[in-house]
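Here is target-v1.csv, consisting of CSV, C-alpha atoms:
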```csv
chain,number,residue,atom,x,y,z
A,1,MET,CA,5.5,6.2,-21.9
A,2,ALA,CA,3.0,8.7,-20.2
A,3,ILE,CA,3.3,8.6,-16.4
A,4,GLY,CA,0.2,8.1,-14.3
A,5,TYR,CA,-2.9,6.1,-13.5
A,6,ASP,CA,-6.0,8.0,-12.7
A,7,SER,CA,-8.8,5.4,-12.8
A,8,PRO,CA,-10.6,4.5,-9.5
A,9,LEU,CA,-8.6,2.0,-7.6
A,10,TYR,CA,-9.8,0.2,-4.5
A,11,VAL,CA,-7.0,-2.1,-3.2
A,12,LEU,CA,-7.1,-4.8,-0.6
A,13,PRO,CA,-3.4,-5.1,0.5
A,14,PHE,CA,-2.2,-8.2,2.3
A,15,ASP,CA,1.5,-8.2,1.2
A,16,HIS,CA,2.6,-8.0,4.8
A,17,ARG,CA,5.3,-10.6,5.5
A,18,ALA,CA,6.9,-9.9,8.9
A,19,THR,CA,3.6,-8.7,10.2
A,20,PHE,CA,2.1,-12.2,9.6
A,21,SER,CA,5.0,-14.3,10.7
A,22,LYS,CA,6.0,-12.3,13.8
A,23,THR,CA,2.9,-10.5,14.9
A,24,MET,CA,0.1,-12.9,14.0
A,25,PHE,CA,1.9,-16.2,14.4
A,26,GLY,CA,4.6,-15.2,16.8
A,27,TRP,CA,7.4,-16.8,14.8
A,28,GLU,CA,11.0,-15.5,14.7
A,29,GLY,CA,13.8,-16.4,12.3
A,30,PRO,CA,13.6,-18.4,9.0
A,31,LEU,CA,10.3,-20.2,8.5
A,32,ALA,CA,9.9,-23.9,8.0
A,33,PRO,CA,7.9,-25.0,4.9
A,34,ASP,CA,4.8,-25.8,7.0
A,35,GLN,CA,5.0,-22.4,8.6
A,36,SER,CA,5.1,-20.7,5.2
A,37,ALA,CA,2.2,-22.9,4.2
A,38,GLN,CA,0.1,-21.7,7.2
A,39,ILE,CA,0.7,-18.0,6.2
A,40,ALA,CA,-0.2,-18.8,2.6
A,41,ALA,CA,-3.4,-20.5,3.8
A,42,ILE,CA,-4.4,-17.5,5.9
A,43,LYS,CA,-3.8,-15.2,2.9
A,44,ASP,CA,-6.1,-17.4,0.9
A,45,VAL,CA,-8.9,-16.4,3.3
A,46,ILE,CA,-8.4,-12.7,2.4
A,47,TYR,CA,-8.3,-13.5,-1.3
A,48,ASP,CA,-11.5,-15.4,-1.0
A,49,ALA,CA,-13.0,-12.4,0.7
A,50,PHE,CA,-11.9,-10.1,-2.1
A,51,LYS,CA,-13.4,-12.4,-4.7
A,52,SER,CA,-16.6,-12.6,-2.7
A,53,ALA,CA,-16.8,-8.8,-2.5
A,54,VAL,CA,-16.4,-8.4,-6.3
A,55,ALA,CA,-19.0,-11.1,-6.9
A,56,GLU,CA,-21.3,-9.1,-4.6
A,57,GLY,CA,-20.9,-5.9,-6.5
A,58,VAL,CA,-17.6,-4.2,-6.0
A,59,PRO,CA,-16.7,-3.1,-9.6
A,60,LYS,CA,-14.1,-5.5,-10.9
A,61,ALA,CA,-12.4,-2.8,-13.0
A,62,ARG,CA,-11.7,-0.8,-9.8
A,63,ALA,CA,-10.9,-3.7,-7.4
A,64,GLY,CA,-7.3,-4.8,-6.8
A,65,ILE,CA,-5.2,-6.9,-4.5
A,66,LEU,CA,-1.7,-6.3,-3.3
A,67,VAL,CA,0.0,-9.5,-2.3
A,68,ASP,CA,3.6,-10.8,-2.0
A,69,GLU,CA,5.3,-13.5,-4.0
A,70,GLN,CA,6.7,-15.2,-0.9
A,71,PHE,CA,3.3,-16.3,0.5
A,72,GLY,CA,1.0,-15.3,-2.3
A,73,ALA,CA,2.4,-16.7,-5.5
A,74,SER,CA,-0.6,-18.9,-6.3
A,75,ILE,CA,-2.9,-16.0,-5.5
A,76,LEU,CA,-1.1,-13.7,-7.9
A,77,ARG,CA,-1.3,-16.3,-10.6
A,78,ASP,CA,-5.0,-16.9,-10.0
A,79,ALA,CA,-5.8,-13.2,-9.8
A,80,GLN,CA,-4.0,-12.5,-13.1
A,81,ALA,CA,-5.7,-15.4,-14.8
A,82,ASN,CA,-9.1,-14.0,-13.7
A,83,GLY,CA,-8.4,-10.5,-14.9
A,84,PHE,CA,-8.1,-8.8,-11.5
A,85,ILE,CA,-5.9,-5.8,-10.9
A,86,THR,CA,-2.8,-7.0,-9.1
A,87,ALA,CA,0.1,-5.4,-7.3
A,88,CYS,CA,3.2,-7.0,-5.9
A,89,PRO,CA,5.9,-5.6,-3.6
A,90,ALA,CA,9.5,-5.2,-4.6
A,91,GLU,CA,11.0,-4.3,-1.2
A,92,LYS,CA,12.5,-6.3,1.5
A,93,SER,CA,10.0,-6.5,4.4
A,94,GLY,CA,10.5,-4.6,7.6
A,95,GLN,CA,13.6,-2.6,6.7
A,96,ASP,CA,14.1,1.1,7.5
A,97,GLU,CA,16.0,1.7,4.2
A,98,PHE,CA,14.5,0.5,0.9
A,99,ASP,CA,16.3,-2.4,-0.8
A,100,PHE,CA,15.2,-4.9,-3.3
A,101,GLU,CA,13.7,-8.2,-2.0
A,102,TYR,CA,15.5,-10.1,-4.8
A,103,GLY,CA,18.5,-7.8,-5.3
A,104,SER,CA,19.7,-7.3,-8.8
A,105,ASP,CA,17.3,-10.1,-9.9
A,106,PHE,CA,14.2,-7.9,-9.3
A,107,ALA,CA,13.2,-7.6,-12.9
A,108,ARG,CA,12.9,-11.4,-13.5
A,109,HIS,CA,10.5,-11.7,-10.5
A,110,ILE,CA,8.4,-8.8,-11.8
A,111,GLU,CA,8.3,-10.4,-15.3
A,112,GLU,CA,7.3,-13.8,-13.9
A,113,PHE,CA,4.2,-12.5,-12.2
A,114,ALA,CA,3.5,-9.5,-14.5
A,115,PRO,CA,1.5,-7.6,-11.9
A,116,THR,CA,-0.5,-4.5,-12.9
A,117,PHE,CA,1.5,-2.5,-10.5
A,118,CYS,CA,4.9,-3.0,-8.9
A,119,LYS,CA,4.7,-1.6,-5.4
A,120,VAL,CA,7.4,-0.3,-3.1
A,121,LEU,CA,7.1,0.7,0.6
A,122,VAL,CA,9.6,3.5,1.4
A,123,ARG,CA,10.4,5.3,4.6
A,124,TYR,CA,11.6,8.7,3.6
A,125,ASN,CA,11.8,11.7,5.8
A,126,PRO,CA,13.4,14.7,3.9
A,127,GLU,CA,15.1,15.9,7.1
A,128,GLY,CA,16.5,12.4,7.9
A,129,ASP,CA,19.8,10.8,6.9
A,130,ALA,CA,20.7,12.5,3.6
A,131,GLU,CA,23.0,9.8,2.5
A,132,ALA,CA,20.5,7.0,3.2
A,133,ASN,CA,17.8,9.1,1.3
A,134,ARG,CA,20.2,9.4,-1.7
A,135,ARG,CA,20.9,5.6,-1.6
A,136,GLN,CA,17.2,4.9,-1.5
A,137,ALA,CA,16.4,7.3,-4.3
A,138,ALA,CA,19.0,5.8,-6.6
A,139,ARG,CA,17.5,2.3,-6.2
A,140,LEU,CA,14.0,3.6,-6.6
A,141,LYS,CA,15.0,5.5,-9.8
A,142,GLN,CA,16.5,2.2,-11.1
A,143,LEU,CA,13.2,0.5,-10.6
A,144,SER,CA,11.3,3.5,-12.0
A,145,ASP,CA,13.3,3.4,-15.2
A,146,TYR,CA,12.9,-0.3,-15.6
A,147,LEU,CA,9.1,-0.2,-15.1
A,148,HIS,CA,8.5,2.6,-17.5
A,149,GLU,CA,10.8,1.2,-20.1
A,150,SER,CA,8.9,-2.1,-19.9
A,151,GLY,CA,5.4,-0.5,-19.9
A,152,ARG,CA,4.6,-1.4,-16.2
A,153,LEU,CA,3.0,0.7,-13.5
A,154,TYR,CA,4.7,2.0,-10.4
A,155,MET,CA,2.9,2.2,-7.0
A,156,PHE,CA,4.9,4.1,-4.4
A,157,GLU,CA,3.9,3.7,-0.7
A,158,LEU,CA,5.4,6.8,1.0
A,159,LEU,CA,5.8,6.6,4.8
A,160,VAL,CA,7.3,9.6,6.5
A,161,PRO,CA,8.2,8.5,10.0
A,162,PRO,CA,8.9,11.2,12.5
A,163,LEU,CA,12.5,11.9,13.5
A,164,PRO,CA,13.0,12.0,17.3
A,165,ALA,CA,13.7,15.8,17.1
A,166,GLN,CA,10.6,16.4,15.1
A,167,LEU,CA,8.5,14.6,17.7
A,168,GLN,CA,10.2,16.3,20.6
A,169,GLY,CA,9.4,19.7,19.1
A,170,LEU,CA,5.7,18.7,19.3
A,171,GLY,CA,5.8,17.4,22.8
A,172,ASN,CA,6.2,13.8,21.6
A,173,ASP,CA,2.6,14.0,20.3
A,174,LYS,CA,2.3,11.7,17.3
A,175,LYS,CA,-1.2,13.1,16.4
A,176,ALA,CA,0.3,16.6,16.3
A,177,TYR,CA,3.0,15.4,14.0
A,178,ASP,CA,0.5,13.8,11.7
A,179,LEU,CA,-1.6,17.0,11.6
A,180,GLN,CA,1.0,19.8,11.7
A,181,LEU,CA,4.3,18.4,10.2
A,182,ARG,CA,3.8,15.3,8.2
A,183,PRO,CA,1.8,16.9,5.3
A,184,ASP,CA,4.7,19.4,4.6
A,185,LEU,CA,7.2,16.6,4.8
A,186,MET,CA,5.2,14.4,2.4
A,187,VAL,CA,5.1,17.2,-0.2
A,188,ARG,CA,8.9,17.7,0.2
A,189,ALA,CA,9.6,14.0,-0.1
A,190,ILE,CA,7.5,13.7,-3.3
A,191,HIS,CA,9.4,16.7,-4.8
A,192,GLU,CA,12.8,15.3,-3.8
A,193,LEU,CA,12.0,11.8,-5.2
A,194,GLN,CA,10.6,13.2,-8.5
A,195,ASP,CA,13.7,15.4,-8.8
A,196,ALA,CA,15.8,12.3,-8.3
A,197,GLY,CA,14.1,10.6,-11.3
A,198,VAL,CA,11.5,8.5,-9.4
A,199,GLU,CA,8.3,8.6,-11.3
A,200,ALA,CA,5.3,7.0,-9.5
A,201,ASP,CA,2.1,6.3,-11.4
A,202,VAL,CA,0.2,6.0,-8.1
A,203,TRP,CA,1.3,7.5,-4.7
A,204,LYS,CA,0.1,5.4,-1.8
A,205,ILE,CA,-0.2,8.0,1.0
A,206,GLU,CA,-0.6,7.8,4.8
A,207,GLY,CA,-4.0,9.2,6.0
A,208,ILE,CA,-4.4,12.9,5.9
A,209,GLU,CA,-6.6,14.8,8.4
A,210,ARG,CA,-7.4,18.0,6.3
A,211,THR,CA,-8.8,18.4,2.8
A,212,GLU,CA,-6.3,21.2,2.0
A,213,ASP,CA,-3.4,18.9,2.8
A,214,CYS,CA,-4.9,16.3,0.5
A,215,GLN,CA,-5.0,18.9,-2.2
A,216,ARG,CA,-1.3,19.9,-1.6
A,217,VAL,CA,-0.2,16.3,-1.9
A,218,VAL,CA,-2.1,15.9,-5.2
A,219,LYS,CA,-0.5,19.1,-6.5
A,220,ALA,CA,2.9,17.7,-5.6
A,221,ALA,CA,2.2,14.3,-7.2
A,222,ARG,CA,0.9,16.0,-10.4
A,223,ARG,CA,3.4,18.9,-10.7
A,224,GLY,CA,5.4,19.5,-13.9
A,225,GLY,CA,2.9,17.9,-16.3
A,226,ARG,CA,2.3,14.7,-14.3
A,227,ASP,CA,-1.4,15.3,-14.7
A,228,ARG,CA,-2.5,11.7,-14.7
A,229,VAL,CA,-0.7,10.6,-11.5
A,230,GLY,CA,-3.1,9.3,-8.9
A,231,CYS,CA,-3.0,9.1,-5.1
A,232,ILE,CA,-4.6,6.5,-2.9
A,233,ILE,CA,-5.0,6.6,0.9
A,234,LEU,CA,-3.7,3.8,3.1
A,235,GLY,CA,-5.1,2.6,6.4
A,236,ARG,CA,-1.9,2.2,8.5
A,237,GLY,CA,-3.7,-0.4,10.7
A,238,GLU,CA,-5.8,2.3,12.3
A,239,ASP,CA,-9.3,1.7,13.8
A,240,ASP,CA,-12.4,1.9,11.7
A,241,GLU,CA,-13.4,5.4,12.7
A,242,LYS,CA,-10.0,6.9,11.8
A,243,VAL,CA,-9.9,5.0,8.4
A,244,ARG,CA,-13.5,6.3,7.6
A,245,HIS,CA,-12.4,9.9,8.3
A,246,TRP,CA,-9.3,9.5,6.1
A,247,LEU,CA,-11.3,8.0,3.3
A,248,ARG,CA,-14.0,10.7,3.4
A,249,THR,CA,-11.4,13.4,3.5
A,250,ALA,CA,-9.4,12.1,0.5
A,251,ALA,CA,-12.5,11.0,-1.5
A,252,GLY,CA,-13.6,14.6,-2.0
A,253,VAL,CA,-10.3,15.7,-3.5
A,254,PRO,CA,-9.8,15.3,-7.3
A,255,GLY,CA,-6.6,13.2,-7.8
A,256,PHE,CA,-7.3,10.9,-4.9
A,257,ILE,CA,-8.6,7.9,-6.8
A,258,GLY,CA,-9.1,5.3,-4.1
A,259,PHE,CA,-7.5,3.6,-1.1
A,260,ALA,CA,-5.5,0.6,0.1
A,261,VAL,CA,-6.8,-0.5,3.5
A,262,GLY,CA,-5.4,-3.8,4.8
A,263,ARG,CA,-5.1,-4.7,8.5
A,264,THR,CA,-8.2,-2.7,9.5
A,265,THR,CA,-10.1,-4.9,7.0
A,266,PHE,CA,-8.8,-8.3,7.8
A,267,TRP,CA,-6.9,-8.5,11.1
A,268,ASN,CA,-9.6,-9.1,13.7
A,269,PRO,CA,-11.5,-11.7,11.6
A,270,LEU,CA,-8.3,-13.6,11.0
A,271,VAL,CA,-7.4,-13.5,14.7
A,272,ASP,CA,-10.8,-14.8,15.6
A,273,TYR,CA,-10.7,-17.5,12.9
A,274,ARG,CA,-7.3,-18.7,14.1
A,275,ALA,CA,-8.6,-18.8,17.7
A,276,ASP,CA,-11.6,-20.9,16.5
A,277,ARG,CA,-14.0,-18.2,17.6
A,278,ILE,CA,-15.5,-18.0,14.1
A,279,THR,CA,-15.5,-20.3,11.0
A,280,ARG,CA,-13.5,-19.7,7.9
A,281,GLU,CA,-16.7,-18.8,6.1
A,282,ASP,CA,-17.5,-16.2,8.8
A,283,ALA,CA,-14.0,-14.7,8.4
A,284,VAL,CA,-14.4,-14.4,4.6
A,285,ALA,CA,-17.8,-12.8,5.0
A,286,GLN,CA,-16.5,-10.3,7.6
A,287,ILE,CA,-13.5,-9.3,5.5
A,288,ALA,CA,-15.6,-9.0,2.4
A,289,ALA,CA,-18.1,-6.8,4.2
A,290,SER,CA,-15.4,-4.4,5.5
A,291,TYR,CA,-13.8,-4.1,2.1
A,292,ARG,CA,-17.2,-3.4,0.5
A,293,GLU,CA,-17.9,-0.8,3.2
A,294,TRP,CA,-14.7,1.1,2.3
A,295,VAL,CA,-15.7,1.0,-1.4
A,296,ASP,CA,-19.2,2.3,-0.7
A,297,LEU,CA,-17.9,5.0,1.6
A,298,PHE,CA,-15.3,6.3,-0.9
A,299,GLU,CA,-17.8,6.2,-3.8
A,300,SER,CA,-20.4,8.1,-1.8
A,301,ALA,CA,-18.0,10.7,-0.5
A,302,LYS,CA,-16.6,11.5,-3.9
```

In structure tokens, how does this file's structure come out?
Amino acid sequence: MAIGYDSPLYVLPFDHRATFSKTMFGWEGPLAPDQSAQIAAIKDVIYDAFKSAVAEGVPKARAGILVDEQFGASILRDAQANGFITACPAEKSGQDEFDFEYGSDFARHIEEFAPTFCKVLVRYNPEGDAEANRRQAARLKQLSDYLHESGRLYMFELLVPPLPAQLQGLGNDKKAYDLQLRPDLMVRAIHELQDAGVEADVWKIEGIERTEDCQRVVKAARRGGRDRVGCIILGRGEDDEKVRHWLRTAAGVPGFIGFAVGRTTFWNPLVDYRADRITREDAVAQIAASYREWVDLFESAK
């Protein structure tokens, strides 16, 4: 099977699990059924906003959702039935080292929901723990092999968190790390993972400040004949202004096919809705408007 996906792709991601249970609702430990139902209900607000945005003109062939099985099973089924692009995560939530949410049973869960993309979130710093990186790469190759043998698409969210020594060398300045060091580390990480047999169709990449660094990331993603592999930019929960800058920067670079912006799109409206400051309809409208804004911005900056 040819590797890669290079069509425009505008993803609304809300596959967050610990972020909802702990940060939004303030719950620790295993969830009771009514707690899980509350999280599922709040995710329905986001899904309604996505459908509203498509109804209002976001091209359906370019619009996708990323949502988890745990709280979004009914959403995944509805989205697939309605012909939307879907992505579903395979990783355990909130772990430093990648592992499968459902262990060795991962394939059965993917087959049950048949998402357009199977997505992984991976923290991988090439200068980090070499043994942990090898363990992760082996699991990620296992998933890569399964997906491509079964004709499915692989979305790889690459996070490169700074090591303490890397940050110290930059005066503990996270912005300096993002600008000066992270682009090199991302390119190295992509190369190492490819060399380990991990073949992503789409790389989901942390925001990049400079056009030339976007170009280097695309070159890494597409090296060695991987000409159709696409990259999308993620929002990382940053403010609107930062996300706009990242989208504009990436949109002008061939190979960056879109974005996945989640919390920046939905967080504040959901907090206001839960606090009874706005209605559910208002929350849907605000989230839909933000998502449409990202689409319009990316399209106009291309």

Open item on the list: Which residues are close to region 202-205 of chain A, i.e. within 10 Å by only C-alpha atoms, leaving aside same-chain residues fewer than 5 positions away? Reply as a ChimeraX atom specification.
Closed with: /A:3-6,9,117,119-121,153-160,186,190,214,217-218,221,228-236,255-260

What does the file look like for those residues with C-alpha atoms, as a short mmCIF file (atom, residue, chain, number, x, y, z; two decimals), in the coordinates of the input?
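The resulting file, part.cif, is reproduced below:
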```cif
data_model
loop_
_atom_site.label_atom_id
_atom_site.label_comp_id
_atom_site.auth_asym_id
_atom_site.auth_seq_id
_atom_site.Cartn_x
_atom_site.Cartn_y
_atom_site.Cartn_z
CA ILE A 3 3.30 8.60 -16.40
CA GLY A 4 0.20 8.10 -14.30
CA TYR A 5 -2.90 6.10 -13.50
CA ASP A 6 -6.00 8.00 -12.70
CA LEU A 9 -8.60 2.00 -7.60
CA PHE A 117 1.50 -2.50 -10.50
CA LYS A 119 4.70 -1.60 -5.40
CA VAL A 120 7.40 -0.30 -3.10
CA LEU A 121 7.10 0.70 0.60
CA LEU A 153 3.00 0.70 -13.50
CA TYR A 154 4.70 2.00 -10.40
CA MET A 155 2.90 2.20 -7.00
CA PHE A 156 4.90 4.10 -4.40
CA GLU A 157 3.90 3.70 -0.70
CA LEU A 158 5.40 6.80 1.00
CA LEU A 159 5.80 6.60 4.80
CA VAL A 160 7.30 9.60 6.50
CA MET A 186 5.20 14.40 2.40
CA ILE A 190 7.50 13.70 -3.30
CA CYS A 214 -4.90 16.30 0.50
CA VAL A 217 -0.20 16.30 -1.90
CA VAL A 218 -2.10 15.90 -5.20
CA ALA A 221 2.20 14.30 -7.20
CA ARG A 228 -2.50 11.70 -14.70
CA VAL A 229 -0.70 10.60 -11.50
CA GLY A 230 -3.10 9.30 -8.90
CA CYS A 231 -3.00 9.10 -5.10
CA ILE A 232 -4.60 6.50 -2.90
CA ILE A 233 -5.00 6.60 0.90
CA LEU A 234 -3.70 3.80 3.10
CA GLY A 235 -5.10 2.60 6.40
CA ARG A 236 -1.90 2.20 8.50
CA GLY A 255 -6.60 13.20 -7.80
CA PHE A 256 -7.30 10.90 -4.90
CA ILE A 257 -8.60 7.90 -6.80
CA GLY A 258 -9.10 5.30 -4.10
CA PHE A 259 -7.50 3.60 -1.10
CA ALA A 260 -5.50 0.60 0.10
#
```

Open item on the list: Please compute the CA of Leu147 (chain A)-CA of Lys60 (chain A) distance, one decimal, in Å.
Closed with: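 Value for the CA of Leu147 (chain A)-CA of Lys60 (chain A) distance: 24.2 Å.
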
Open item on the list: To one decimal place in Å, what is the distance between CA of Thr264 (chain A) and CA of Pro30 (chain A)?
Closed with: 26.9 Å

Each region 46-66 of chain A residue no farther than 12 Å from region 270-289 of chain A, nearest pair in Å, only C-alpha atoms, as a Markdown table:
```
| residue | atom | partner | partner_atom | distance |
| --- | --- | --- | --- | --- |
| A:Ile46 | CA | A:Val284 | CA | 6.6 |
| A:Tyr47 | CA | A:Val284 | CA | 8.5 |
| A:Asp48 | CA | A:Val284 | CA | 6.4 |
| A:Ala49 | CA | A:Val284 | CA | 4.6 |
| A:Phe50 | CA | A:Ala288 | CA | 5.9 |
| A:Lys51 | CA | A:Ala288 | CA | 8.2 |
| A:Ser52 | CA | A:Ala288 | CA | 6.3 |
| A:Ala53 | CA | A:Ala288 | CA | 5.0 |
| A:Val54 | CA | A:Ala288 | CA | 8.8 |
| A:Ala55 | CA | A:Ala288 | CA | 10.1 |
| A:Glu56 | CA | A:Ala288 | CA | 9.0 |
| A:Gly57 | CA | A:Ala288 | CA | 10.8 |
| A:Val58 | CA | A:Ala288 | CA | 9.9 |
```

- [ ] Tell me, as JSON, numbers by chain, which residues lie within 10 Å of Val187 (chain A), counting all atoms listed in the file; anything in the same chain fewer than 4 positions away does not count.
- [x] {"A": [126, 182, 183, 191, 192, 213, 216, 217, 218, 219, 220, 221]}

TODO: Counting only C-alpha atoms, figure out which residue out of A:Arg108, A:Leu12, A:Ile85, A:Leu163 gets nearest to Arg62 (chain A).
DONE: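 With only C-alpha atoms as the atom set, the closest residue is A:Ile85.
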
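If you look at CA of Thr249 (chain A) and CA of Val67 (chain A), they are 26.2 Å away from each other.
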
TODO: Point out the residue among A:Ala138, A:Leu143, A:Ala32, A:Ala81 with the least atom-to-atom distance to Ala107 (chain A), counting all atoms listed in the file.
DONE: A:Leu143

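Nearest residue to Arg292 (chain A) among A:Ala132, A:Val11, A:Val122, A:Ala165 is A:Val11, counting all atoms listed in the file.
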
- [ ] Rank A:Val243, A:Ile75, A:Ala130, A:Arg152 by their smallest atom-to-atom distance to Ile110 (chain A), using only C-alpha atoms, and report the top residue only.
- [x] A:Arg152

Task: Residues within 12 Å of (11.7, -7.0, 2.9), file coords, all atoms listed in the file, listed as a PyMOL selection string - done: chain A and resi 15-19+68-70+89-103+120-122

Task: Best match for closeness to Trp294 (chain A) among A:Gly262, A:Gly252, A:Pro162, A:Gly171, counting all atoms listed in the file - done: A:Gly262

TODO: Considering all atoms listed in the file, state which residue in the set A:Gln194, A:Ser300, A:Ser290, A:Thr23 is at the smallest distance from Ser144 (chain A).
DONE: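 For Ser144 (chain A), the nearest of the candidates is A:Gln194.
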
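Near Leu185 (chain A), within 7 Å and counting only C-alpha atoms, sit A:Asn125, A:Pro126, A:Leu181, A:Ala189, not including residues fewer than 4 positions from it in the same chain.
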
Test item: residues at most 8 Å from Phe84 (chain A), only C-alpha atoms, excluding those fewer than 5 positions along its chain, as a tab-separated table (two decimals) with C-alpha atoms, in the frame of the given file:
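Saved result, result.tsv, follows:
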```tsv
chain	number	residue	atom	x	y	z
A	60	LYS	CA	-14.10	-5.50	-10.90
A	61	ALA	CA	-12.40	-2.80	-13.00
A	63	ALA	CA	-10.90	-3.70	-7.40
A	64	GLY	CA	-7.30	-4.80	-6.80
A	65	ILE	CA	-5.20	-6.90	-4.50
A	79	ALA	CA	-5.80	-13.20	-9.80
```
